[in-house]
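Q: Just so it is clear, I am handing over input.pdb, which has PDB, C-alpha atoms and all ligand atoms.
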ATOM      1  CA  MET J 160      77.904  59.080 108.420  1.00  0.00           C
ATOM      2  CA  TYR J 161      79.401  59.708 104.993  1.00  0.00           C
ATOM      3  CA  ALA J 162      79.476  63.277 103.703  1.00  0.00           C
ATOM      4  CA  LYS J 163      80.393  64.124 100.127  1.00  0.00           C
ATOM      5  CA  VAL J 164      83.083  66.799 100.247  1.00  0.00           C
ATOM      6  CA  PRO J 165      83.442  69.136  97.248  1.00  0.00           C
ATOM      7  CA  GLY J 166      87.049  69.753  96.179  1.00  0.00           C
ATOM      8  CA  ASP J 167      87.100  73.389  97.265  1.00  0.00           C
ATOM      9  CA  LEU J 168      85.888  72.559 100.785  1.00  0.00           C
ATOM     10  CA  LYS J 169      88.266  69.664 101.301  1.00  0.00           C
ATOM     11  CA  GLU J 170      91.222  71.632 102.643  1.00  0.00           C
ATOM     12  CA  PRO J 171      89.467  74.044 105.049  1.00  0.00           C
ATOM     13  CA  LEU J 172      87.100  71.350 106.318  1.00  0.00           C
ATOM     14  CA  LEU J 173      89.874  68.839 106.976  1.00  0.00           C
ATOM     15  CA  ARG J 174      91.913  71.547 108.693  1.00  0.00           C
ATOM     16  CA  GLU J 175      89.045  72.251 111.096  1.00  0.00           C
ATOM     17  CA  LEU J 176      88.365  68.556 111.750  1.00  0.00           C
ATOM     18  CA  ARG J 177      92.054  67.882 112.423  1.00  0.00           C
ATOM     19  CA  GLN J 178      92.247  70.784 114.855  1.00  0.00           C
ATOM     20  CA  LEU J 179      89.235  69.375 116.674  1.00  0.00           C
ATOM     21  CA  ARG J 180      90.847  65.940 116.948  1.00  0.00           C
ATOM     22  CA  LEU J 181      94.112  67.463 118.131  1.00  0.00           C
ATOM     23  CA  ARG J 182      92.358  69.568 120.775  1.00  0.00           C
ATOM     24  CA  SER J 183      90.348  66.655 122.106  1.00  0.00           C
ATOM     25  CA  ALA J 184      93.464  64.443 122.085  1.00  0.00           C
ATOM     26  CA  PHE J 185      95.348  66.952 124.250  1.00  0.00           C
ATOM     27  CA  LYS J 186      92.358  67.348 126.536  1.00  0.00           C
ATOM     28  CA  HIS J 187      91.889  63.629 127.157  1.00  0.00           C
ATOM     29  CA  PHE J 188      95.532  62.561 127.082  1.00  0.00           C
ATOM     30  CA  PRO J 189      96.359  62.930 130.829  1.00  0.00           C
ATOM     31  CA  ALA J 190      93.173  61.154 131.974  1.00  0.00           C
ATOM     32  CA  VAL J 191      93.613  58.286 129.493  1.00  0.00           C
ATOM     33  CA  VAL J 192      97.272  57.788 130.479  1.00  0.00           C
ATOM     34  CA  LEU J 193      96.258  57.750 134.140  1.00  0.00           C
ATOM     35  CA  ILE J 194      93.498  55.199 133.603  1.00  0.00           C
ATOM     36  CA  PHE J 195      95.646  52.845 131.525  1.00  0.00           C
ATOM     37  CA  SER J 196      98.596  53.171 133.922  1.00  0.00           C
ATOM     38  CA  ALA J 197      96.402  52.377 136.916  1.00  0.00           C
ATOM     39  CA  ILE J 198      95.974  48.684 136.083  1.00  0.00           C
ATOM     40  CA  PRO J 199      99.686  47.721 135.833  1.00  0.00           C
ATOM     41  CA  ALA J 200     100.454  50.151 138.680  1.00  0.00           C
ATOM     42  CA  LEU J 201      97.942  48.393 140.913  1.00  0.00           C
ATOM     43  CA  PHE J 202      99.558  45.092 140.006  1.00  0.00           C
ATOM     44  CA  VAL J 203     102.980  46.447 141.016  1.00  0.00           C
ATOM     45  CA  PHE J 204     101.587  47.675 144.320  1.00  0.00           C
ATOM     46  CA  ILE J 205     100.052  44.300 145.140  1.00  0.00           C
ATOM     47  CA  LYS J 206     102.723  41.996 143.713  1.00  0.00           C
ATOM     48  CA  GLY J 207     105.669  44.414 143.851  1.00  0.00           C
ATOM     49  CA  HIS J 208     107.497  42.810 146.730  1.00  0.00           C
ATOM     50  CA  ALA J 209     107.075  39.285 145.402  1.00  0.00           C
ATOM     51  CA  ILE J 210     108.493  40.384 142.026  1.00  0.00           C
ATOM     52  CA  LEU J 211     111.382  42.143 143.739  1.00  0.00           C
ATOM     53  CA  GLU J 212     112.254  38.933 145.587  1.00  0.00           C
ATOM     54  CA  MET J 213     112.562  37.094 142.263  1.00  0.00           C
ATOM     55  CA  PHE J 214     115.134  39.590 140.987  1.00  0.00           C
ATOM     56  CA  ARG J 215     116.810  40.154 144.337  1.00  0.00           C
ATOM     57  CA  ASP J 216     120.246  39.081 143.088  1.00  0.00           C
ATOM     58  CA  GLU J 217     120.248  41.357 140.065  1.00  0.00           C
ATOM     59  CA  ILE J 218     119.174  44.455 141.971  1.00  0.00           C
ATOM     60  CA  PRO J 219     121.933  46.598 143.492  1.00  0.00           C
ATOM     61  CA  SER J 220     121.534  46.362 147.258  1.00  0.00           C
ATOM     62  CA  THR J 221     122.035  50.113 147.609  1.00  0.00           C
ATOM     63  CA  MET J 222     118.654  50.679 145.987  1.00  0.00           C
ATOM     64  CA  SER J 223     115.709  50.559 148.371  1.00  0.00           C
ATOM     65  CA  ASP J 224     112.495  48.757 147.483  1.00  0.00           C
ATOM     66  CA  GLY J 225     110.634  52.073 147.628  1.00  0.00           C
ATOM     67  CA  THR J 226     112.941  53.640 145.034  1.00  0.00           C
ATOM     68  CA  LEU J 227     112.676  50.578 142.849  1.00  0.00           C
ATOM     69  CA  ILE J 228     108.870  50.583 142.887  1.00  0.00           C
ATOM     70  CA  ALA J 229     108.901  54.325 142.110  1.00  0.00           C
ATOM     71  CA  VAL J 230     111.177  53.628 139.124  1.00  0.00           C
ATOM     72  CA  VAL J 231     108.894  50.837 137.906  1.00  0.00           C
ATOM     73  CA  LEU J 232     105.806  53.066 138.254  1.00  0.00           C
ATOM     74  CA  GLY J 233     107.593  55.828 136.342  1.00  0.00           C
ATOM     75  CA  LEU J 234     108.412  53.332 133.580  1.00  0.00           C
ATOM     76  CA  ILE J 235     104.788  52.144 133.425  1.00  0.00           C
ATOM     77  CA  VAL J 236     103.461  55.687 133.031  1.00  0.00           C
ATOM     78  CA  THR J 237     106.100  56.531 130.398  1.00  0.00           C
ATOM     79  CA  VAL J 238     105.419  53.426 128.308  1.00  0.00           C
ATOM     80  CA  THR J 239     101.644  53.955 128.575  1.00  0.00           C
ATOM     81  CA  ALA J 240     102.018  57.592 127.501  1.00  0.00           C
ATOM     82  CA  VAL J 241     104.090  56.601 124.449  1.00  0.00           C
ATOM     83  CA  VAL J 242     101.593  53.906 123.382  1.00  0.00           C
ATOM     84  CA  ILE J 243      98.599  56.224 123.773  1.00  0.00           C
ATOM     85  CA  ALA J 244     100.367  59.051 121.932  1.00  0.00           C
ATOM     86  CA  TYR J 245     100.972  56.579 119.077  1.00  0.00           C
ATOM     87  CA  PHE J 246      97.275  55.685 118.841  1.00  0.00           C
ATOM     88  CA  LEU J 247      96.198  59.335 119.022  1.00  0.00           C
ATOM     89  CA  ARG J 248      98.623  60.066 116.188  1.00  0.00           C
ATOM     90  CA  LEU J 249      97.056  57.278 114.113  1.00  0.00           C
ATOM     91  CA  GLU J 250      93.630  58.709 114.792  1.00  0.00           C
ATOM     92  CA  TYR J 251      94.846  62.170 113.768  1.00  0.00           C
ATOM     93  CA  ARG J 252      96.376  60.925 110.518  1.00  0.00           C
ATOM     94  CA  ASP J 253      93.226  58.936 109.841  1.00  0.00           C
ATOM     95  CA  CYS J 254      91.333  62.232 109.574  1.00  0.00           C
ATOM     96  CA  ASP J 255      91.160  62.361 105.775  1.00  0.00           C
ATOM     97  CA  CYS J 256      88.806  62.006 102.857  1.00  0.00           C
ATOM     98  CA  GLN J 257      88.393  58.736 100.981  1.00  0.00           C
ATOM     99  CA  GLU J 258      87.469  58.220  97.341  1.00  0.00           C
ATOM    100  CA  CYS J 259      84.290  56.180  96.919  1.00  0.00           C
ATOM    101  CA  LEU J 260      81.979  55.335  94.024  1.00  0.00           C
ATOM    102  CA  TYR J 261      79.059  57.726  93.969  1.00  0.00           C
ATOM    103  CA  CYS J 262      75.580  57.664  92.429  1.00  0.00           C
ATOM    104  CA  ALA J 263      74.586  61.253  91.662  1.00  0.00           C
ATOM    105  CA  LYS J 264      70.995  60.277  90.812  1.00  0.00           C
ATOM    106  CA  CYS J 265      70.325  58.810  94.281  1.00  0.00           C
ATOM    107  CA  ASP J 266      72.937  60.872  96.167  1.00  0.00           C
ATOM    108  CA  ALA J 267      74.228  57.545  97.471  1.00  0.00           C
ATOM    109  CA  VAL J 268      77.721  56.295  98.327  1.00  0.00           C
ATOM    110  CA  ASP J 269      78.932  52.782  97.555  1.00  0.00           C
ATOM    111  CA  LYS J 270      80.707  52.344 100.886  1.00  0.00           C
ATOM    112  CA  TYR J 271      81.511  48.647 100.332  1.00  0.00           C
ATOM    113  CA  ASP J 272      83.107  49.364  96.951  1.00  0.00           C
ATOM    114  CA  SER J 273      80.767  46.825  95.364  1.00  0.00           C
ATOM    115  CA  GLY J 274      80.658  48.752  92.068  1.00  0.00           C
ATOM    116  CA  CYS J 275      76.893  49.324  92.191  1.00  0.00           C
ATOM    117  CA  CYS J 276      74.657  51.966  93.684  1.00  0.00           C
ATOM    118  CA  PRO J 277      73.240  50.645  96.993  1.00  0.00           C
ATOM    119  CA  VAL J 278      69.867  52.241  96.184  1.00  0.00           C
ATOM    120  CA  CYS J 279      69.177  51.765  92.444  1.00  0.00           C
ATOM    121  CA  GLN J 280      71.787  48.997  91.782  1.00  0.00           C
ATOM    122  CA  THR J 281      73.121  50.820  88.698  1.00  0.00           C
ATOM    123  CA  PRO J 282      76.814  50.033  88.008  1.00  0.00           C
ATOM    124  CA  LEU J 283      78.893  53.054  89.038  1.00  0.00           C
ATOM    125  CA  THR J 284      82.046  54.568  87.606  1.00  0.00           C
ATOM    126  CA  GLU J 285      81.958  58.092  89.044  1.00  0.00           C
ATOM    127  CA  LYS J 286      84.038  58.620  92.173  1.00  0.00           C
ATOM    128  CA  ALA J 287      83.774  61.385  94.739  1.00  0.00           C
ATOM    129  CA  SER J 288      85.555  62.413  97.951  1.00  0.00           C
ATOM    130  CA  PHE J 289      83.847  61.423 101.182  1.00  0.00           C
ATOM    131  CA  TYR J 290      84.511  62.073 104.808  1.00  0.00           C
ATOM    132  CA  PHE J 291      83.375  59.312 107.140  1.00  0.00           C
ATOM    133  CA  THR J 292      82.802  59.888 110.825  1.00  0.00           C
ATOM    134  CA  THR J 293      80.785  58.528 113.721  1.00  0.00           C
ATOM    135  CA  TYR J 294      81.663  61.387 116.092  1.00  0.00           C
ATOM    136  CA  LYS J 295      78.796  63.729 116.928  1.00  0.00           C
ATOM    137  CA  ASP J 296      80.988  66.846 117.208  1.00  0.00           C
ATOM    138  CA  GLU J 297      82.554  66.165 113.794  1.00  0.00           C
ATOM    139  CA  GLN J 298      79.107  65.659 112.271  1.00  0.00           C
ATOM    140  CA  LYS J 299      78.120  69.058 113.628  1.00  0.00           C
ATOM    141  CA  ILE J 300      81.115  70.725 111.970  1.00  0.00           C
ATOM    142  CA  ILE J 301      80.338  68.992 108.683  1.00  0.00           C
ATOM    143  CA  GLU J 302      76.742  70.194 108.819  1.00  0.00           C
ATOM    144  CA  ARG J 303      77.890  73.726 109.636  1.00  0.00           C
ATOM    145  CA  TRP J 304      79.854  73.643 106.361  1.00  0.00           C
ATOM    146  CA  GLY J 305      76.554  72.964 104.636  1.00  0.00           C
ATOM    147  CA  LEU J 306      77.238  69.307 103.853  1.00  0.00           C
ATOM    148  CA  GLN J 307      74.537  66.690 104.209  1.00  0.00           C
ATOM    149  CA  PRO J 308      74.889  62.996 105.033  1.00  0.00           C
ATOM    150  CA  THR J 309      75.020  60.928 101.827  1.00  0.00           C
ATOM    151  CA  ARG J 310      72.641  57.962 101.533  1.00  0.00           C
ATOM    152  CA  GLU J 311      74.353  54.647 102.229  1.00  0.00           C
ATOM    153  CA  ALA J 312      71.533  52.251 101.401  1.00  0.00           C
TER     154      ALA J 312
HETATM  155 ZN    ZN J 401      71.570  55.124  92.453  1.00  0.00          ZN
END
Rewrite the structure of this file - the entire thing - as structure tokens.
Ligand SMILES: [Zn+2]
A:
Amino acid sequence: MYAKVPGDLKEPLLRELRQLRLRSAFKHFPAVVLIFSAIPALFVFIKGHAILEMFRDEIPSTMSDGTLIAVVLGLIVTVTAVVIAYFLRLEYRDCDCQECLYCAKCDAVDKYDSGCCPVCQTPLTEKASFYFTTYKDEQKIIERWGLQPTREA
């Protein structure tokens, strides 16, 4: 949904929405890392010894296969954690208002930036700040701030 955000609400509302995203990111982070590490880890478990044979000459003979697989698994989890942290950071930074053309008469947002009201087709020039979300918990917060979904068509 799109919600029209008045200028004075922008800062406190965005602060609350960002905190929510940060909290849920921290909550889900370990589980997501585990799930995404599981696939390459499984591969290493099944194919590990065959891969080790290929690199046999480059591997110091003092290192046991067990140690080596542990190192590889550690690397997989670390790389996965970094990649997921990057995407969560993108999602966090994405939590912002966007300027869209707005038809006050219809209370409608021109979400495709077509230049016309999606309801009455009047050419629009007036812009307003909108927050777009599909998350149910964010919609609840927005409604608690007294904001209503803007018409989109
Ligand atoms: Zn209109």
Q: Dump as a count of residues only all residues having an atom at most 12 Å from (88.3, 71.9, 103.7), computed in the file's coordinates with only C-alpha atoms.
A: 27
Q: What is the CA of Val268 (chain J)-CA of Tyr251 (chain J) distance in Å, reported with one decimal?
A: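 Between CA of Val268 (chain J) and CA of Tyr251 (chain J) the gap is 23.8 Å.
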Q: Which residues, written as a PyMOL selection string, have at least one atom at most 7 Å from Pro308 (chain J), with only C-alpha atoms counted and residues fewer than 2 positions away on the same chain left out?
A: chain J and resi 160-162+306+310
Q: Could you dump the residues just selected with C-alpha atoms as a tab-separated table (two decimals), keeping the file's coordinate frame?
A:
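Result file is selection.tsv:
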chain	number	residue	atom	x	y	z
J	160	MET	CA	77.90	59.08	108.42
J	161	TYR	CA	79.40	59.71	104.99
J	162	ALA	CA	79.48	63.28	103.70
J	306	LEU	CA	77.24	69.31	103.85
J	310	ARG	CA	72.64	57.96	101.53
Q: Against ligand ZN 401 (chain J), which residues of chain J fall within 9 Å? For each one I want the closest pair of atoms and the distance in Å (one decimal), counting all atoms listed in the file, rows by chain and increasing residue number, as CSV.
A:
residue,atom,partner,partner_atom,distance
J:Tyr261,CA,J:ZN401,ZN,8.1
J:Cys262,CA,J:ZN401,ZN,4.7
J:Ala263,CA,J:ZN401,ZN,6.9
J:Lys264,CA,J:ZN401,ZN,5.4
J:Cys265,CA,J:ZN401,ZN,4.3
J:Asp266,CA,J:ZN401,ZN,7.0
J:Ala267,CA,J:ZN401,ZN,6.2
J:Val268,CA,J:ZN401,ZN,8.6
J:Cys275,CA,J:ZN401,ZN,7.9
J:Cys276,CA,J:ZN401,ZN,4.6
J:Pro277,CA,J:ZN401,ZN,6.6
J:Val278,CA,J:ZN401,ZN,5.0
J:Cys279,CA,J:ZN401,ZN,4.1
J:Gln280,CA,J:ZN401,ZN,6.2
J:Thr281,CA,J:ZN401,ZN,5.9
J:Pro282,CA,J:ZN401,ZN,8.6
J:Leu283,CA,J:ZN401,ZN,8.3
Q: Apply the PyMOL selection byres (((chain J and resi 222-227) around 12) and not hetatm) to the structure shown and report the selected residues as a ChimeraX atom specification.
A: /J:203-204,207-212,214-215,217-221,228-234
Q: Save region 285-300 of chain J of the structure in the block above to a file, with all heavy atoms included, as a compact mmCIF listing (two decimals), in the first residue's frame.
A:
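The resulting file, result_14.txt, is reproduced below:
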# COMPACT_ATOMS: atom_id res chain seq x y z
N GLU J 285 1.10 18.39 -8.62
CA GLU J 285 1.36 18.42 -7.18
C GLU J 285 2.01 17.11 -6.73
O GLU J 285 1.52 16.03 -7.04
CB GLU J 285 0.03 18.61 -6.43
CG GLU J 285 0.20 18.83 -4.94
CD GLU J 285 -1.13 18.63 -4.20
OE1 GLU J 285 -2.20 18.71 -4.85
OE2 GLU J 285 -1.08 18.36 -2.99
N LYS J 286 3.11 17.24 -6.00
CA LYS J 286 3.78 16.04 -5.48
C LYS J 286 3.58 15.94 -3.98
O LYS J 286 3.36 16.95 -3.30
CB LYS J 286 5.28 16.10 -5.80
CG LYS J 286 5.57 15.80 -7.25
CD LYS J 286 6.96 15.24 -7.43
CE LYS J 286 7.13 14.67 -8.83
NZ LYS J 286 8.31 13.84 -8.97
N ALA J 287 3.64 14.72 -3.48
CA ALA J 287 3.54 14.50 -2.04
C ALA J 287 4.46 13.34 -1.66
O ALA J 287 4.89 12.58 -2.53
CB ALA J 287 2.10 14.19 -1.65
N SER J 288 4.76 13.24 -0.35
CA SER J 288 5.62 12.15 0.13
C SER J 288 4.78 10.92 0.43
O SER J 288 3.75 11.02 1.11
CB SER J 288 6.35 12.58 1.41
OG SER J 288 7.34 13.49 1.10
N PHE J 289 5.24 9.78 -0.06
CA PHE J 289 4.52 8.53 0.18
C PHE J 289 5.46 7.49 0.74
O PHE J 289 6.65 7.47 0.42
CB PHE J 289 3.92 7.99 -1.13
CG PHE J 289 2.77 8.81 -1.61
CD1 PHE J 289 2.99 9.86 -2.49
CD2 PHE J 289 1.48 8.55 -1.19
CE1 PHE J 289 1.94 10.64 -2.93
CE2 PHE J 289 0.43 9.32 -1.62
CZ PHE J 289 0.66 10.37 -2.50
N TYR J 290 4.87 6.64 1.59
CA TYR J 290 5.60 5.48 2.06
C TYR J 290 4.93 4.26 1.46
O TYR J 290 3.73 4.10 1.58
CB TYR J 290 5.61 5.39 3.58
CG TYR J 290 6.48 4.27 4.07
CD1 TYR J 290 7.85 4.42 4.16
CD2 TYR J 290 5.93 3.04 4.42
CE1 TYR J 290 8.68 3.38 4.56
CE2 TYR J 290 6.74 2.00 4.83
CZ TYR J 290 8.11 2.17 4.91
OH TYR J 290 8.90 1.14 5.30
N PHE J 291 5.72 3.42 0.78
CA PHE J 291 5.16 2.22 0.17
C PHE J 291 5.62 0.99 0.93
O PHE J 291 6.81 0.84 1.24
CB PHE J 291 5.62 2.12 -1.29
CG PHE J 291 5.25 0.80 -1.91
CD1 PHE J 291 3.94 0.53 -2.27
CD2 PHE J 291 6.20 -0.19 -2.11
CE1 PHE J 291 3.59 -0.70 -2.82
CE2 PHE J 291 5.86 -1.42 -2.67
CZ PHE J 291 4.55 -1.67 -3.02
N THR J 292 4.68 0.13 1.27
CA THR J 292 5.05 -1.12 1.92
C THR J 292 4.05 -2.22 1.57
O THR J 292 2.90 -1.94 1.23
CB THR J 292 5.14 -0.96 3.45
OG1 THR J 292 5.62 -2.19 4.00
CG2 THR J 292 3.81 -0.62 4.07
N THR J 293 4.54 -3.46 1.64
CA THR J 293 3.65 -4.61 1.47
C THR J 293 3.61 -5.41 2.77
O THR J 293 2.87 -6.37 2.87
CB THR J 293 4.15 -5.53 0.34
OG1 THR J 293 5.52 -5.81 0.58
CG2 THR J 293 4.00 -4.86 -1.01
N TYR J 294 4.42 -4.99 3.76
CA TYR J 294 4.49 -5.74 5.02
C TYR J 294 3.31 -5.39 5.92
O TYR J 294 3.03 -4.21 6.16
CB TYR J 294 5.79 -5.44 5.77
CG TYR J 294 7.03 -5.82 5.00
CD1 TYR J 294 7.97 -4.86 4.67
CD2 TYR J 294 7.25 -7.14 4.63
CE1 TYR J 294 9.11 -5.20 3.96
CE2 TYR J 294 8.39 -7.49 3.92
CZ TYR J 294 9.32 -6.50 3.60
OH TYR J 294 10.45 -6.84 2.90
N LYS J 295 2.68 -6.45 6.44
CA LYS J 295 1.50 -6.27 7.30
C LYS J 295 1.83 -5.49 8.58
O LYS J 295 1.09 -4.60 8.99
CB LYS J 295 0.91 -7.63 7.69
CG LYS J 295 0.06 -8.27 6.61
CD LYS J 295 -1.38 -7.79 6.71
CE LYS J 295 -2.21 -8.25 5.53
NZ LYS J 295 -1.79 -7.70 4.21
N ASP J 296 2.98 -5.82 9.21
CA ASP J 296 3.30 -5.14 10.47
C ASP J 296 3.61 -3.66 10.26
O ASP J 296 3.30 -2.83 11.11
CB ASP J 296 4.44 -5.86 11.22
CG ASP J 296 5.61 -6.20 10.29
OD1 ASP J 296 5.50 -5.95 9.08
OD2 ASP J 296 6.62 -6.71 10.79
N GLU J 297 4.19 -3.33 9.09
CA GLU J 297 4.44 -1.91 8.79
C GLU J 297 3.14 -1.18 8.50
O GLU J 297 2.97 -0.02 8.88
CB GLU J 297 5.40 -1.79 7.60
CG GLU J 297 6.79 -2.31 7.93
CD GLU J 297 7.83 -1.94 6.89
OE1 GLU J 297 7.47 -1.37 5.85
OE2 GLU J 297 9.02 -2.23 7.14
N GLN J 298 2.21 -1.88 7.84
CA GLN J 298 0.91 -1.26 7.56
C GLN J 298 0.18 -0.94 8.86
O GLN J 298 -0.48 0.09 8.98
CB GLN J 298 0.07 -2.20 6.70
CG GLN J 298 0.65 -2.36 5.30
CD GLN J 298 -0.16 -3.28 4.41
OE1 GLN J 298 -1.24 -3.73 4.78
NE2 GLN J 298 0.36 -3.57 3.23
N LYS J 299 0.35 -1.83 9.84
CA LYS J 299 -0.29 -1.60 11.14
C LYS J 299 0.26 -0.35 11.80
O LYS J 299 -0.49 0.46 12.35
CB LYS J 299 -0.06 -2.82 12.05
CG LYS J 299 -1.30 -3.68 12.20
CD LYS J 299 -1.06 -4.79 13.21
CE LYS J 299 -1.54 -6.11 12.66
NZ LYS J 299 -0.78 -7.24 13.14
N ILE J 300 1.58 -0.19 11.76
CA ILE J 300 2.21 1.00 12.36
C ILE J 300 1.68 2.25 11.66
O ILE J 300 1.30 3.23 12.31
CB ILE J 300 3.74 0.92 12.24
CG1 ILE J 300 4.27 -0.16 13.20
CG2 ILE J 300 4.38 2.27 12.54
CD1 ILE J 300 5.77 -0.34 13.15
